[in-house]
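Notes for the one structure printed next.
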Amino acid sequence: METSVRNWNLAVFRDAGAASEAAADVVATTVQRKSNPAISLPTGSTPLGMFDILSARVARSEIDFSDVDIFCLDEYVGVSLDDPTSLTRWLWDALLHRIGVKPEQVHALPSTAFDLSAAATAYDEAITARGGLDLAVLGLGPNGHIGYNEPGSEADSRTRVISLTPESVSQASSYWEGAVSIPDKAMTIGVGTLLESKRIVLLVTGGAKAEILRRALEEPMGADVPASWLRLAGSRLQVVADEEAASSLSKEVAG
Ligand code: PGA
């Protein structure tokens with residue numbers, strides 16, 4: 001369990017743009033230093049700035065993603081890649097096609113498999129066989145979820161199907177401006193699987209996340225706020241926040 005001495009890292013930046021640059025730097029370093037790295041990237045509104053920065057760096061030939069394996073973080077159950085609701089497709093449109101990633105580099109969650117449980121386990125084992133992800137970049141859900149590890153998710157949870165809270169369903173529907181109906185079940189990489197990553201970046205921006213970030217970093221770790229489990233990764237966790245998101249943190253934590 002966590003010791004009383006904090007060994008995870010927190011960096012607070014002036015605004016979302018500076019935080020996005022810092023997160024993009026970690027992605028770039030991982031891609032440049034490791035041959036054939038396995039990376040997971042978040043969906044949502046938070047990472048859009050980081051996606052623009054990465055795309056610009058690729059356009060300037062500063063980073064090359066041709067050797068990277070992308071492991072998708074989550075996907076709705078029963079949703080295939082050509083469905084407008086697909087999170088994999090969303091990530092493809094928002095980033096992957098802009099950085100030269102080819103479809104064969106993308107490991108989508110097997111969320112249309114006949115045996116979802118067996119398929120989720122196989123996906124998890126593919127990550128474990130690589131010694132864990134080299135880098136997981138995560139957003140923080142308004143309810144404390146990471147990926148779709150909703151409240152109630154334990155630290156040792158593996159890749160699996162999970163029921164979404166009504167709050168998460170309506171949050172997701174805003175990504176498509178309410179134009180699609182969001183399933184109430186998703187397959188997500190588990191908390192335990194994420195904790196095996198060699199590096200984890202939790203990217204959090206905006207005042208609306210201040211209270212949930214405070215709970216994730218300052219309250220006792222627990223399944224009520226699944227992101228709090230990330231502290232178990234110790235020095236492998238880098239929290240990247242802007243001043244607004246960090247505004248409720250105590251002086252002891254914010255430094
Ligand atoms: P957001 O979502 O970036 O749209 O706030 C974060 C998340 O739910 O992981």
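Chain labels run A, B, ... following the order of the structure tokens; each chain numbers its residues from 1, and ligands are numbered from 1 in the order shown.
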
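Neighbours of ligand 1 at a cut-off of 9 Å, computed so that only C-alpha atoms and all ligand atoms are counted, are the residues Pro42, Thr43, Gly44, Ser45, Thr46, Pro47, Leu48, Leu138, Gly139, Leu140, Gly141, Pro142, Asn143, Gly144, His145, Ile146, Gly147, Tyr148, Ser168, Gln171, Ala172, Ser174, Tyr175, Leu203, Val204, Thr205, Gly206, Ala208 and Lys209 of chain A.
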
So which residues of region 2-246 of chain A fall under helix (DSSP H, G or I) by DSSP, listed as a tab-separated table (two decimals) with C-alpha atoms, in the first residue's frame?
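The new file selection06.tsv reads:
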```
chain	number	residue	atom	x	y	z
A	16	ALA	CA	-4.18	23.74	-20.51
A	17	GLY	CA	-1.88	24.51	-23.44
A	18	ALA	CA	1.25	24.23	-21.31
A	19	ALA	CA	-0.04	21.05	-19.65
A	20	SER	CA	-0.76	19.56	-23.10
A	21	GLU	CA	2.81	20.38	-24.22
A	22	ALA	CA	4.18	18.57	-21.18
A	23	ALA	CA	2.03	15.50	-21.82
A	24	ALA	CA	3.03	15.53	-25.51
A	25	ASP	CA	6.68	15.63	-24.40
A	26	VAL	CA	6.23	12.39	-22.46
A	27	VAL	CA	4.59	10.71	-25.47
A	28	ALA	CA	7.40	11.94	-27.74
A	29	THR	CA	10.12	10.73	-25.36
A	30	THR	CA	8.54	7.28	-25.12
A	31	VAL	CA	8.23	6.98	-28.89
A	32	GLN	CA	11.78	8.20	-29.51
A	33	ARG	CA	13.50	6.07	-26.84
A	48	LEU	CA	-7.44	17.42	-27.87
A	49	GLY	CA	-4.71	20.03	-27.29
A	50	MET	CA	-2.11	17.30	-26.85
A	51	PHE	CA	-3.33	15.67	-30.08
A	52	ASP	CA	-2.83	18.94	-31.99
A	53	ILE	CA	0.70	19.28	-30.59
A	54	LEU	CA	1.60	15.71	-31.51
A	55	SER	CA	0.16	16.13	-35.01
A	56	ALA	CA	2.19	19.32	-35.52
A	57	ARG	CA	5.36	17.57	-34.37
A	58	VAL	CA	4.75	14.70	-36.79
A	59	ALA	CA	4.17	17.23	-39.61
A	87	LEU	CA	-14.31	5.32	-29.43
A	88	THR	CA	-11.62	3.65	-31.54
A	89	ARG	CA	-12.96	5.44	-34.58
A	90	TRP	CA	-13.15	8.67	-32.58
A	91	LEU	CA	-9.45	8.30	-31.66
A	92	TRP	CA	-8.65	7.50	-35.27
A	93	ASP	CA	-10.38	10.68	-36.48
A	94	ALA	CA	-9.08	12.89	-33.65
A	96	LEU	CA	-4.28	8.48	-35.27
A	97	HIS	CA	-4.78	9.23	-38.97
A	98	ARG	CA	-3.10	12.63	-38.44
A	99	ILE	CA	0.10	11.08	-37.04
A	103	PRO	CA	-4.87	0.49	-38.95
A	104	GLU	CA	-2.66	-2.57	-38.31
A	105	GLN	CA	-0.89	-0.68	-35.50
A	116	LEU	CA	-16.69	-10.91	-24.38
A	117	SER	CA	-15.09	-12.17	-21.20
A	118	ALA	CA	-12.65	-14.50	-22.96
A	119	ALA	CA	-11.85	-11.83	-25.55
A	120	ALA	CA	-11.20	-9.23	-22.84
A	121	THR	CA	-8.86	-11.64	-21.06
A	122	ALA	CA	-6.97	-12.27	-24.29
A	123	TYR	CA	-6.59	-8.51	-24.84
A	124	ASP	CA	-5.30	-8.13	-21.29
A	125	GLU	CA	-2.85	-10.97	-21.78
A	126	ALA	CA	-1.51	-9.35	-24.95
A	127	ILE	CA	-0.61	-6.30	-22.87
A	128	THR	CA	0.86	-8.38	-20.06
A	129	ALA	CA	2.92	-10.37	-22.57
A	166	PRO	CA	-25.81	7.55	-16.38
A	167	GLU	CA	-23.36	10.42	-15.78
A	168	SER	CA	-20.73	8.82	-18.03
A	169	VAL	CA	-23.29	8.05	-20.74
A	170	SER	CA	-24.41	11.69	-20.86
A	171	GLN	CA	-20.79	12.95	-20.68
A	172	ALA	CA	-19.93	10.76	-23.69
A	173	SER	CA	-22.96	11.82	-25.63
A	174	SER	CA	-21.56	15.38	-25.60
A	175	TYR	CA	-18.52	14.19	-27.63
A	176	TRP	CA	-20.90	13.62	-30.50
A	191	VAL	CA	-7.02	-0.57	-13.33
A	192	GLY	CA	-4.60	-3.38	-12.47
A	193	THR	CA	-3.53	-3.65	-16.10
A	194	LEU	CA	-2.95	0.12	-16.24
A	195	LEU	CA	-0.96	-0.03	-13.00
A	207	GLY	CA	-11.70	24.02	-12.93
A	208	ALA	CA	-14.53	21.50	-13.36
A	209	LYS	CA	-12.01	18.76	-12.48
A	210	ALA	CA	-10.56	20.49	-9.40
A	211	GLU	CA	-12.64	18.67	-6.79
A	212	ILE	CA	-12.37	15.20	-8.34
A	213	LEU	CA	-8.60	15.68	-8.76
A	214	ARG	CA	-8.37	16.65	-5.09
A	215	ARG	CA	-10.27	13.50	-4.13
A	216	ALA	CA	-8.09	11.36	-6.41
A	217	LEU	CA	-4.85	12.69	-4.95
A	218	GLU	CA	-5.68	13.57	-1.36
A	226	PRO	CA	-10.79	4.75	-9.31
A	227	ALA	CA	-8.16	7.32	-10.37
A	228	SER	CA	-6.90	7.35	-6.77
A	229	TRP	CA	-5.48	3.86	-7.35
A	230	LEU	CA	-2.97	5.36	-9.76
A	231	ARG	CA	-0.96	6.53	-6.74
A	232	LEU	CA	0.00	2.86	-6.31
A	233	ALA	CA	2.22	3.31	-9.39
A	234	GLY	CA	4.49	5.56	-7.29
A	235	SER	CA	7.24	7.21	-9.30
A	236	ARG	CA	5.81	5.76	-12.55
```

> Just how far from CA of Arg130 (chain A) is CA of Ser35 (chain A), in Å to one decimal?
Replying inline: 12.2 Å

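Minimum distance to Asp156 (chain A) across A:Leu135, A:Leu73, A:Val201, A:Ala223 (counting only C-alpha atoms) occurs at A:Ala223.
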
Please provide as a CSV table (one decimal) with C-alpha atoms, in the first residue's frame all residues within 10 Å of Ser111 (chain A), with the sequence filter that same-chain residues fewer than 6 positions apart are discarded (counting only C-alpha atoms).
```
chain,number,residue,atom,x,y,z
A,74,ASP,CA,-12.0,1.5,-24.0
A,75,GLU,CA,-14.8,0.8,-26.4
A,76,TYR,CA,-18.6,0.4,-26.2
A,77,VAL,CA,-19.9,-3.1,-26.2
A,78,GLY,CA,-21.5,-4.2,-29.5
A,79,VAL,CA,-20.0,-1.2,-31.4
A,80,SER,CA,-17.9,-1.9,-34.4
A,81,LEU,CA,-15.2,0.3,-35.9
A,117,SER,CA,-15.1,-12.2,-21.2
A,119,ALA,CA,-11.8,-11.8,-25.6
A,120,ALA,CA,-11.2,-9.2,-22.8
A,160,ARG,CA,-13.4,-6.4,-18.8
A,161,VAL,CA,-17.0,-5.3,-19.6
A,185,LYS,CA,-21.8,-1.0,-21.4
A,186,ALA,CA,-18.2,-0.7,-22.4
A,187,MET,CA,-15.0,-2.8,-22.4
A,188,THR,CA,-12.1,-1.1,-20.7
```

> Skipping near chain neighbours, those fewer than 4 positions away, what residues fall within 8 Å of Ser66 (chain A) using only C-alpha atoms, listed as a ChimeraX atom specification?
Replying inline: /A:100-102

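Here CA of Gly152 (chain A) stands at a distance of 26.7 Å from CA of Val180 (chain A).
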
> If you measure from CA of Ser247 (chain A) to CA of Pro151 (chain A), what distance in Å do you get, rounded to one decimal?
Replying inline: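 Separating CA of Ser247 (chain A) from CA of Pro151 (chain A) is a distance of 23.1 Å.
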
>> Taking the DSSP secondary structure from the backbone, can you list the residues of region 64-225 of chain A that are strand (DSSP E), as a count of residues only?
In response: 26
